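> Input structure: input32.txt, which contains compact mmCIF, C-alpha atoms and all ligand atoms.
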```txt
# COMPACT_ATOMS: atom_id res chain seq x y z
CA MET A 20 116.44 33.27 95.71
CA THR A 21 118.83 35.57 93.95
CA ASP A 22 118.66 39.26 93.32
CA ASN A 23 119.06 38.89 89.57
CA SER A 24 116.53 36.09 89.22
CA SER A 25 114.87 36.24 85.82
CA ALA A 26 111.26 36.48 87.01
CA LEU A 27 111.85 39.76 88.89
CA ARG A 28 114.65 41.25 86.84
CA ASN A 29 112.66 43.80 84.83
CA ILE A 30 109.92 44.49 87.33
CA PRO A 31 108.89 48.17 87.28
CA PRO A 32 108.91 50.06 90.62
CA TYR A 33 105.12 50.47 90.80
CA ILE A 34 102.57 47.69 90.33
CA TYR A 35 98.87 48.38 89.88
CA GLY A 36 96.89 46.48 92.53
CA THR A 37 93.44 45.49 91.36
CA THR A 38 91.38 45.18 94.57
CA ARG A 39 89.44 48.31 93.69
CA LEU A 40 88.51 46.89 90.26
CA GLY A 41 86.32 44.37 92.05
CA ASP A 42 84.30 46.93 94.03
CA GLU A 43 80.77 46.56 92.70
CA LYS A 44 79.73 49.87 94.29
CA ILE A 45 81.75 51.56 91.55
CA PRO A 46 80.14 51.48 88.09
CA ARG A 47 81.80 48.83 85.93
CA ALA A 48 82.47 51.38 83.15
CA GLU A 49 84.58 53.44 85.58
CA ARG A 50 86.52 50.41 86.72
CA LEU A 51 87.21 49.47 83.08
CA LYS A 52 88.43 53.00 82.43
CA VAL A 53 91.02 52.80 85.22
CA ALA A 54 92.07 49.30 84.13
CA ARG A 55 92.66 50.60 80.58
CA ALA A 56 94.62 53.61 81.86
CA ALA A 57 96.87 51.34 83.96
CA MET A 58 97.37 49.08 80.90
CA ASP A 59 98.35 52.11 78.85
CA ALA A 60 100.91 53.03 81.51
CA GLY A 61 102.66 49.69 80.91
CA VAL A 62 102.91 48.71 84.60
CA TRP A 63 102.53 45.18 85.95
CA PHE A 64 99.24 44.23 87.68
CA HIS A 65 98.60 42.30 90.89
CA THR A 66 95.33 40.37 91.12
CA SER A 67 93.41 37.55 92.74
CA ARG A 68 90.17 35.57 92.46
CA MET A 69 89.37 37.09 95.87
CA TYR A 70 88.85 40.61 94.52
CA GLY A 71 85.15 40.41 93.56
CA ASP A 72 84.78 40.45 89.77
CA ALA A 73 88.18 42.10 89.17
CA LEU A 74 89.27 39.15 87.01
CA GLU A 75 86.22 39.54 84.77
CA VAL A 76 86.81 43.30 84.45
CA LEU A 77 90.43 42.62 83.54
CA GLY A 78 89.43 39.84 81.11
CA GLU A 79 87.21 42.30 79.25
CA ALA A 80 89.92 44.97 79.09
CA PHE A 81 92.54 42.41 77.98
CA ALA A 82 90.29 41.05 75.20
CA GLU A 83 89.81 44.57 73.84
CA ARG A 84 93.54 45.30 73.68
CA PRO A 85 95.65 42.16 73.62
CA ALA A 86 98.80 44.12 72.78
CA LYS A 87 98.58 45.92 76.11
CA ILE A 88 98.07 42.95 78.39
CA PRO A 89 100.29 43.57 81.46
CA ARG A 90 102.52 41.15 83.27
CA LEU A 91 100.68 39.71 86.22
CA ILE A 92 101.27 38.64 89.80
CA ILE A 93 98.45 36.35 90.92
CA LYS A 94 97.72 34.84 94.30
CA ILE A 95 97.88 31.02 94.29
CA GLY A 96 97.86 28.40 97.05
CA TRP A 97 96.28 27.34 99.50
CA ASP A 98 96.32 24.37 101.87
CA ASN A 99 97.67 21.43 99.86
CA ILE A 100 99.69 20.70 96.72
CA GLY A 101 96.66 19.30 94.91
CA GLN A 102 94.91 22.69 94.94
CA LEU A 103 97.60 24.63 93.11
CA ARG A 104 96.77 23.75 89.52
CA GLY A 105 93.03 24.35 89.95
CA VAL A 106 93.64 27.74 91.59
CA ILE A 107 95.92 28.78 88.73
CA GLU A 108 93.29 27.75 86.19
CA GLU A 109 90.44 29.54 87.95
CA ASN A 110 92.45 32.77 87.70
CA LEU A 111 93.80 32.41 84.17
CA LYS A 112 90.48 31.41 82.58
CA PRO A 113 88.57 34.68 83.13
CA LEU A 114 91.69 36.59 82.12
CA GLY A 115 91.92 34.62 78.87
CA LEU A 116 95.61 33.91 79.54
CA LYS A 117 97.84 30.84 79.38
CA GLY A 118 100.30 31.83 82.10
CA MET A 119 101.37 34.42 84.66
CA GLN A 120 104.63 36.19 85.33
CA LEU A 121 104.66 35.57 89.08
CA GLY A 122 102.64 33.31 91.31
CA GLN A 123 102.20 34.70 94.82
CA LEU A 124 102.44 31.65 97.05
CA CYS A 125 99.82 31.91 99.79
CA LEU A 126 100.61 28.93 101.96
CA GLY A 127 98.46 27.45 104.69
CA GLY A 128 97.81 24.09 106.34
CA GLU A 129 99.86 21.13 105.15
CA LEU A 130 101.22 23.10 102.17
CA ALA A 131 102.87 25.58 104.57
CA GLU A 132 104.35 22.71 106.60
CA ASP A 133 105.66 21.06 103.44
CA TYR A 134 107.23 24.38 102.36
CA ALA A 135 108.96 24.86 105.72
CA ARG A 136 110.55 21.37 105.64
CA GLY A 137 111.64 21.43 101.98
CA GLY A 138 109.01 18.91 100.86
CA ASP A 139 107.29 17.91 97.62
CA CYS A 140 105.81 21.33 96.93
CA TYR A 141 109.11 22.49 95.40
CA ARG A 142 108.91 19.71 92.79
CA VAL A 143 105.37 20.83 91.92
CA PHE A 144 106.45 24.52 91.73
CA ARG A 145 109.12 23.44 89.21
CA GLN A 146 106.62 21.40 87.19
CA LEU A 147 104.18 24.32 86.93
CA LYS A 148 107.07 26.52 85.86
CA ASP A 149 108.27 24.03 83.26
CA GLU A 150 104.75 23.95 81.85
CA GLY A 151 104.79 27.74 81.47
CA LEU A 152 101.82 28.33 83.79
CA VAL A 153 103.97 30.35 86.19
CA GLN A 154 107.25 31.99 85.25
CA GLY A 155 108.41 32.64 88.80
CA TYR A 156 107.29 32.78 92.43
CA VAL A 157 107.16 35.19 95.31
CA VAL A 158 106.11 33.90 98.70
CA GLU A 159 103.60 35.86 100.77
CA ALA A 160 104.41 36.64 104.40
CA PHE A 161 102.15 37.64 107.27
CA PRO A 162 103.24 37.93 110.89
CA TRP A 163 101.60 34.55 111.58
CA THR A 164 103.22 32.85 108.54
CA SER A 165 106.68 34.37 108.80
CA GLU A 166 108.16 31.45 110.74
CA GLN A 167 107.63 28.98 107.88
CA SER A 168 109.54 31.30 105.55
CA VAL A 169 112.39 31.68 108.04
CA LYS A 170 112.68 27.86 108.21
CA ALA A 171 112.58 27.47 104.41
CA LEU A 172 115.20 30.19 103.92
CA ARG A 173 117.53 28.77 106.55
CA GLY A 174 117.09 25.30 105.04
CA GLY A 175 118.08 26.64 101.62
CA TYR A 176 114.97 25.05 100.06
CA THR A 177 113.81 28.13 98.16
CA ASP A 178 117.09 28.64 96.28
CA GLY A 179 116.62 28.61 92.53
CA ILE A 180 112.84 28.32 92.65
CA VAL A 181 111.33 31.10 94.80
CA ASP A 182 112.37 34.51 93.47
CA GLY A 183 111.46 36.73 96.42
CA PHE A 184 108.95 37.80 99.07
CA ILE A 185 105.72 39.77 98.98
CA PHE A 186 104.09 41.33 102.04
CA TYR A 187 102.54 44.52 103.40
CA LEU A 188 105.37 47.00 103.61
CA ASN A 189 104.36 50.64 103.93
CA PRO A 190 104.82 53.33 106.59
CA LEU A 191 102.13 51.77 108.83
CA GLN A 192 102.75 48.07 108.28
CA ARG A 193 105.64 45.64 107.86
CA PHE A 194 104.12 42.21 107.91
CA ALA A 195 107.33 40.18 107.82
CA SER A 196 108.14 39.38 111.47
CA ASN A 197 111.30 40.92 112.88
CA ALA A 198 113.10 37.58 112.51
CA LEU A 199 112.06 37.20 108.87
CA TRP A 200 112.84 40.82 108.05
CA ASP A 201 116.35 40.46 109.51
CA GLU A 202 116.92 37.32 107.38
CA ILE A 203 115.65 39.12 104.27
CA ILE A 204 118.03 42.03 104.82
CA ALA A 205 121.00 39.82 105.76
CA ARG A 206 120.48 37.59 102.71
CA ASN A 207 119.55 40.50 100.43
CA GLN A 208 116.31 38.88 99.30
CA PRO A 209 114.09 40.66 96.74
CA VAL A 210 110.82 42.04 98.14
CA ILE A 211 107.58 43.28 96.60
CA ALA A 212 105.99 45.74 99.04
CA MET A 213 102.19 45.76 99.25
CA ARG A 214 99.57 48.37 100.08
CA THR A 215 101.67 51.35 99.01
CA VAL A 216 99.67 54.10 100.78
CA SER A 217 98.64 51.93 103.78
CA GLY A 218 95.01 52.10 102.70
CA GLY A 219 94.73 55.87 102.19
CA PRO A 220 96.07 59.29 103.19
CA VAL A 221 97.65 59.29 106.66
CA HIS A 222 95.59 62.27 107.89
CA SER A 223 92.33 60.55 106.90
CA LEU A 224 93.51 57.36 108.60
CA ARG A 225 94.27 59.40 111.73
CA ASP A 226 91.31 61.81 111.80
CA VAL A 227 88.28 60.43 109.97
CA PRO A 228 86.29 58.05 112.20
CA GLY A 229 85.99 54.64 110.56
CA PHE A 230 88.40 55.44 107.71
CA ALA A 231 91.06 53.08 109.06
CA TRP A 232 89.62 49.58 108.80
CA LYS A 233 91.25 48.58 112.11
CA ASP A 234 91.95 50.63 115.24
CA TYR A 235 95.65 49.83 115.23
CA LEU A 236 96.05 51.60 111.86
CA GLN A 237 94.48 54.76 113.25
CA LYS A 238 96.90 54.63 116.21
CA ARG A 239 99.86 54.10 113.91
CA ALA A 240 98.73 57.03 111.75
CA VAL A 241 98.91 59.23 114.90
CA GLN A 242 102.57 58.18 115.27
CA VAL A 243 103.56 58.47 111.60
CA ALA A 244 101.74 61.69 110.58
CA PRO A 245 104.27 63.98 112.38
CA ILE A 246 107.16 62.16 110.71
CA PHE A 247 105.51 62.64 107.31
CA GLU A 248 104.87 66.33 108.08
CA ARG A 249 108.48 66.88 109.15
CA SER A 250 109.72 65.37 105.86
CA GLY A 251 108.33 68.38 104.01
CA ILE A 252 107.04 66.07 101.25
CA LYS A 253 103.62 67.27 100.12
CA SER A 254 102.21 64.06 98.67
CA TRP A 255 101.50 61.02 100.88
CA THR A 256 101.67 58.83 97.75
CA GLU A 257 105.17 60.12 96.94
CA PHE A 258 106.26 59.68 100.57
CA CYS A 259 105.00 56.08 100.58
CA VAL A 260 106.53 55.09 97.22
CA ARG A 261 109.84 56.54 98.39
CA PHE A 262 109.52 54.80 101.77
CA ALA A 263 109.16 51.37 100.12
CA HIS A 264 112.06 52.07 97.80
CA SER A 265 114.28 53.24 100.65
CA PHE A 266 115.10 49.54 101.14
CA PRO A 267 117.40 48.24 98.41
CA GLN A 268 115.69 44.84 98.69
CA VAL A 269 112.36 46.34 97.54
CA LYS A 270 111.92 45.97 93.79
CA ALA A 271 108.34 47.23 93.49
CA THR A 272 105.38 48.51 95.50
CA VAL A 273 101.75 47.51 94.88
CA GLY A 274 99.08 50.19 95.24
CA SER A 275 95.44 50.17 94.25
CA THR A 276 92.97 52.80 93.13
CA ALA A 277 89.71 53.11 91.25
CA ARG A 278 90.38 56.76 90.33
CA ILE A 279 92.37 58.10 87.39
CA GLU A 280 93.76 60.99 89.46
CA ASN A 281 95.08 58.64 92.13
CA LEU A 282 96.54 56.35 89.47
CA ASP A 283 98.27 59.41 88.07
CA ALA A 284 99.71 60.13 91.54
CA PHE A 285 101.21 56.60 91.67
CA LEU A 286 102.55 56.96 88.13
CA ALA A 287 104.05 60.39 88.87
CA ALA A 288 105.66 59.08 92.07
CA LYS A 289 107.37 56.22 90.25
CA GLU A 290 109.13 58.66 87.93
CA LYS A 291 111.26 60.26 90.63
CA ILE A 292 112.01 57.69 93.24
CA GLU A 293 114.65 58.77 95.72
CA PRO A 294 115.04 57.00 99.04
CA LEU A 295 113.70 59.02 101.97
CA PRO A 296 116.30 60.70 104.20
CA GLY A 297 117.91 58.04 106.41
CA GLY A 298 116.66 59.56 109.67
CA ILE A 299 113.03 59.27 108.57
CA VAL A 300 113.43 55.66 107.49
CA GLN A 301 115.14 54.82 110.78
CA GLU A 302 112.35 56.42 112.81
CA ILE A 303 109.67 54.44 110.99
CA GLN A 304 111.76 51.26 111.10
CA ALA A 305 112.12 51.60 114.88
CA LEU A 306 108.33 51.84 115.16
CA GLN A 307 107.91 48.81 112.90
CA TYR A 308 110.24 46.66 115.03
CA GLN A 309 108.22 47.66 118.09
CA TRP A 310 104.81 47.12 116.41
CA SER A 311 105.92 43.70 115.20
CA ASP A 312 106.71 42.38 118.68
CA GLU A 313 103.98 44.21 120.59
CA LEU A 314 101.04 43.64 118.26
CA ASP A 315 101.67 41.81 114.97
CA LEU A 316 103.08 38.64 116.48
CA GLN A 317 100.48 38.59 119.27
CA ALA A 318 97.52 39.04 116.91
CA GLU A 319 95.12 36.28 115.96
CA PRO A 320 95.86 35.14 112.39
CA TRP A 321 93.92 37.23 109.82
CA SER A 322 92.73 39.68 112.49
CA MET A 323 94.79 42.58 111.17
N1 LIG A 401 97.44 39.40 100.77
C1 LIG A 401 97.52 40.04 99.65
O1 LIG A 401 97.95 39.51 98.65
C2 LIG A 401 97.10 41.47 99.55
C3 LIG A 401 96.44 42.11 100.59
C4 LIG A 401 96.16 43.46 100.46
C5 LIG A 401 96.51 44.09 99.29
N2 LIG A 401 97.11 43.42 98.28
C6 LIG A 401 97.47 44.06 96.98
O2 LIG A 401 97.95 45.35 97.21
C7 LIG A 401 97.10 46.28 96.53
C8 LIG A 401 96.95 47.54 97.34
O3 LIG A 401 96.35 47.27 98.59
P1 LIG A 401 95.16 48.13 99.23
O4 LIG A 401 94.19 48.51 98.19
O5 LIG A 401 94.70 47.36 100.40
O6 LIG A 401 95.96 49.37 99.80
P2 LIG A 401 96.50 50.75 99.17
O7 LIG A 401 96.90 50.61 97.78
O8 LIG A 401 97.46 51.24 100.17
O9 LIG A 401 95.21 51.69 99.31
C9 LIG A 401 94.23 51.77 98.37
C10 LIG A 401 93.22 52.75 98.91
O10 LIG A 401 93.83 54.02 98.96
C11 LIG A 401 93.10 54.93 98.16
N3 LIG A 401 94.09 55.74 97.43
C12 LIG A 401 95.01 55.32 96.55
N4 LIG A 401 95.75 56.34 96.11
C13 LIG A 401 95.28 57.44 96.73
C14 LIG A 401 95.62 58.82 96.70
N5 LIG A 401 96.60 59.30 95.90
N6 LIG A 401 94.91 59.68 97.46
C15 LIG A 401 93.92 59.23 98.24
N7 LIG A 401 93.54 57.94 98.31
C16 LIG A 401 94.22 57.06 97.58
C17 LIG A 401 92.24 54.08 97.24
O11 LIG A 401 91.00 54.71 97.02
P3 LIG A 401 90.48 55.11 95.57
O12 LIG A 401 90.21 53.84 94.86
O13 LIG A 401 89.29 55.91 95.85
O14 LIG A 401 91.62 55.88 94.94
C18 LIG A 401 92.02 52.82 98.06
O15 LIG A 401 90.90 52.98 98.91
C19 LIG A 401 95.79 45.53 96.32
O16 LIG A 401 95.06 46.01 95.23
C20 LIG A 401 96.28 44.16 96.07
O17 LIG A 401 96.65 44.00 94.72
C21 LIG A 401 97.39 42.12 98.40
```
Show how you would write the structure in this file as structure tokens.
Ligand SMILES: NC(=O)c1ccc[n+]([C@@H]2O[C@H](COP(=O)([O-])OP(=O)(O)OC[C@H]3O[C@@H](n4cnc5c(N)ncnc54)[C@H](OP(=O)(O)O)[C@@H]3O)[C@@H](O)[C@H]2O)c1

Amino acid sequence: MTDNSSALRNIPPYIYGTTRLGDEKIPRAERLKVARAAMDAGVWFHTSRMYGDALEVLGEAFAERPAKIPRLIIKIGWDNIGQLRGVIEENLKPLGLKGMQLGQLCLGGELAEDYARGGDCYRVFRQLKDEGLVQGYVVEAFPWTSEQSVKALRGGYTDGIVDGFIFYLNPLQRFASNALWDEIIARNQPVIAMRTVSGGPVHSLRDVPGFAWKDYLQKRAVQVAPIFERSGIKSWTEFCVRFAHSFPQVKATVGSTARIENLDAFLAAKEKIEPLPGGIVQEIQALQYQWSDELDLQAEPWSM
């Protein structure tokens, strides 16, 4: 992985996440409207077959305005090499596209083991790239999958083929384990930070019963809200975009919304990105190191 790798070189600092485009409780016409507005803004999109009918909504918007089709990061994987091509096709077909900018490698089972030991998967990643289906790769990390990435990095297997990392990185979550995070910083690896606003405004996460989808997020909001308040920054979205970009390794942050006004908040925040004051970043980082050891690494896979 290199910092100037071609697949990430021109990535804009905010990426529109499309989870909310697949929420069938929201009228389809409204979801299309937000998709079109994000296309007009010229940002990259992040998507997956797992987000309800988001791919179909996007396919419709793309067919209407082919000139505005964004660059895309799409989740691909899963448990063995043989699945990769089919997963790519099941995403590209509804989008009406022939390739994607970045494949987000979601690695489980024998595919994860193969990745950690420098196996055949790297040959297949190159083949898919040579065929133009995927122009580059970022590898997903969770606390329970961080170890395989540490092994692959230390083995040097990812060099020249995997362009960077992608994981939850926001004021309430840093899903690379402490060991992986330290490697990423030491080796200056590019990162795409996910879940920009940690799922919503910090005061709602702290105060509104049931707003945080897991208890630990509510507890973390109690710890982070005073730090946010002390910063004097009015907008949680601005605070979060600046938090992600306080790390030089972070090239972009992925946030989702089904509302034009919240999309506008993301777009406004990306126009004036300054790192947060060092003291604030250090305070949150100290919490994240502690959370990682005390909870993230102890948690059952996929439980958080
Ligand atoms: N493993 C993975 O690959 C993975 C996992 C999770 C997420 N992601 C990616 O990251 C993206 C973002 O993740 P996420 O949706 O979980 O988290 P997020 O972007 O932190 O939060 C989105 C939530 O925050 C609300 N929101 C956004 N801006 C707001 C604002 N200015 N004021 C108030 N509320 C606001 C949205 O509601 P409204 O729609 O009502 O605005 C939505 O409920 C996803 O779309 C996806 O592309 C990937």
> Restricting the calculation to all atoms listed in the file: of A:Gln208, A:Thr37, A:Gln301, A:Asn110, which residue gets closest to A:Ile246?
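Nearest candidate to A:Ile246 out of A:Gln208, A:Thr37, A:Gln301, A:Asn110: A:Gln301.
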> Distance atom CA of A:Arg145-atom CA of A:His65, one decimal place?
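A separation of 21.7 Å between them.
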> Kindly work out which residues sit at most 6 Å from ligand LIG 401 (chain A), using only C-alpha atoms and all ligand atoms, and give the list as a PDB file with C-alpha atoms, in the frame of the given file.

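And here's selection.pdb as it stands now:
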```pdb
ATOM      1  CA  GLY A  36      96.890  46.480  92.530  1.00  0.00           C
ATOM      2  CA  THR A  37      93.440  45.490  91.360  1.00  0.00           C
ATOM      3  CA  THR A  38      91.380  45.180  94.570  1.00  0.00           C
ATOM      4  CA  ARG A  39      89.440  48.310  93.690  1.00  0.00           C
ATOM      5  CA  HIS A  65      98.600  42.300  90.890  1.00  0.00           C
ATOM      6  CA  THR A  66      95.330  40.370  91.120  1.00  0.00           C
ATOM      7  CA  MET A 213     102.190  45.760  99.250  1.00  0.00           C
ATOM      8  CA  ARG A 214      99.570  48.370 100.080  1.00  0.00           C
ATOM      9  CA  THR A 215     101.670  51.350  99.010  1.00  0.00           C
ATOM     10  CA  VAL A 216      99.670  54.100 100.780  1.00  0.00           C
ATOM     11  CA  SER A 217      98.640  51.930 103.780  1.00  0.00           C
ATOM     12  CA  GLY A 218      95.010  52.100 102.700  1.00  0.00           C
ATOM     13  CA  GLY A 219      94.730  55.870 102.190  1.00  0.00           C
ATOM     14  CA  PRO A 220      96.070  59.290 103.190  1.00  0.00           C
ATOM     15  CA  THR A 256     101.670  58.830  97.750  1.00  0.00           C
ATOM     16  CA  VAL A 273     101.750  47.510  94.880  1.00  0.00           C
ATOM     17  CA  GLY A 274      99.080  50.190  95.240  1.00  0.00           C
ATOM     18  CA  SER A 275      95.440  50.170  94.250  1.00  0.00           C
ATOM     19  CA  THR A 276      92.970  52.800  93.130  1.00  0.00           C
ATOM     20  CA  ALA A 277      89.710  53.110  91.250  1.00  0.00           C
ATOM     21  CA  ARG A 278      90.380  56.760  90.330  1.00  0.00           C
ATOM     22  CA  ASN A 281      95.080  58.640  92.130  1.00  0.00           C
ATOM     23  CA  ALA A 284      99.710  60.130  91.540  1.00  0.00           C
TER      24      ALA A 284
END
```
> Can you work out which one of A:Arg225, A:Tyr70, A:Trp310, A:Met58 has the shortest atom-to-atom distance to A:Arg84, counting all atoms listed in the file?
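Between A:Arg225, A:Tyr70, A:Trp310, A:Met58, the residue approaching A:Arg84 most closely is A:Met58.
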> Have a look at A:Glu248, A:Glu159, A:Glu302, A:Asp201 and name the one nearest to A:Phe184; count only C-alpha atoms.
A:Glu159
> Which one of A:Pro296, A:Pro245, A:Gly78, A:Pro209 sits closest to A:Ile30 if you count all atoms listed in the file?
A:Pro209
> Stretch 161-271 of chain A near stretch 89-99 of chain A within 12 Å: what's each residue's closest atom pair and its distance in Å to one decimal, counting all atoms listed in the file, ordered by chain then ascending residue number, as a Markdown table?

```
| residue | atom | partner | partner_atom | distance |
| --- | --- | --- | --- | --- |
| A:Ile185 | CA | A:Ile92 | CA | 10.3 |
| A:Phe186 | CA | A:Lys94 | CA | 11.9 |
| A:Ile211 | CA | A:Ile92 | CA | 10.4 |
| A:Met213 | CA | A:Ile92 | CA | 11.9 |
| A:Ala271 | CA | A:Ile92 | CA | 11.7 |
```
> Rounded to one decimal, what separation in Å do you get between atom CA of A:Asp178 and atom CA of A:Glu108?
25.9 Å
> From the set A:Ala26, A:Leu40, A:Val153, A:Met323, which residue has the shortest atom-to-atom contact distance to A:Asp182, counting all atoms listed in the file?
A:Ala26
> Got a sec: who's within 12 Å of stretch 128-134 of chain A, counting only C-alpha atoms, leaving out chain neighbours fewer than 5 positions off, as a ChimeraX atom specification?
/A:95-103,139-144,158-160,163-177,180-181
> Pick the closest to A:Leu286 from A:Leu116, A:Leu191, A:Val260, A:Val76: which is it, counting only C-alpha atoms?
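Closest residue, counting only C-alpha atoms: A:Val260.
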> Using atom CA of A:Val62 and atom CA of A:Pro32 as the two end points, give the distance in Å to one decimal.
8.6 Å
> At a cut-off of 10 Å, using all atoms listed in the file, what residues contact A:Gly151? Leave out same-chain residues fewer than 2 positions from it and give the result as a PDB file with C-alpha atoms, in the frame of the given file.

```pdb
ATOM      1  CA  LYS A 117      97.840  30.840  79.380  1.00  0.00           C
ATOM      2  CA  GLY A 118     100.300  31.830  82.100  1.00  0.00           C
ATOM      3  CA  MET A 119     101.370  34.420  84.660  1.00  0.00           C
ATOM      4  CA  GLN A 120     104.630  36.190  85.330  1.00  0.00           C
ATOM      5  CA  ARG A 145     109.120  23.440  89.210  1.00  0.00           C
ATOM      6  CA  GLN A 146     106.620  21.400  87.190  1.00  0.00           C
ATOM      7  CA  LEU A 147     104.180  24.320  86.930  1.00  0.00           C
ATOM      8  CA  LYS A 148     107.070  26.520  85.860  1.00  0.00           C
ATOM      9  CA  ASP A 149     108.270  24.030  83.260  1.00  0.00           C
ATOM     10  CA  VAL A 153     103.970  30.350  86.190  1.00  0.00           C
ATOM     11  CA  GLN A 154     107.250  31.990  85.250  1.00  0.00           C
ATOM     12  CA  GLY A 155     108.410  32.640  88.800  1.00  0.00           C
TER      13      GLY A 155
END
```
> With a distance cut-off of 10 Å and all atoms listed in the file, select the neighbouring residues of A:Ile204, excluding the residue or stretch itself and same-chain residues fewer than 4 positions from it, and output the selection as a PyMOL selection string.
chain A and resi 199-200+208-210+266-268
> Please provide the set of residues having any atom within 8 Å of A:Gly115, restricted to only C-alpha atoms, with same-chain residues fewer than 4 positions apart removed, written as a list in words.
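So the residues in contact are Gly78, Phe81, Ala82 and Leu111 of chain A.
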> So that I can check the surroundings of A:Ile252, please list as a list in words every protein, DNA and RNA residue that reaches within 12 Å of it, counting all atoms listed in the file and ignoring chain neighbours fewer than 2 positions away.
Ala244, Pro245, Ile246, Phe247, Glu248, Arg249, Ser250, Ser254, Trp255, Thr256, Glu257, Phe258, Cys259, Val260, Arg261, Phe262, Ala288, Glu293, Leu295, Pro296 and Ile299 of chain A
> Around (94.9, 54.3, 86.3) in the file's frame, which residues reach within 6 Å when counting all atoms listed in the file? Return as a list in words?
Val53, Ala56, Ala57, Ile279 and Leu282 of chain A
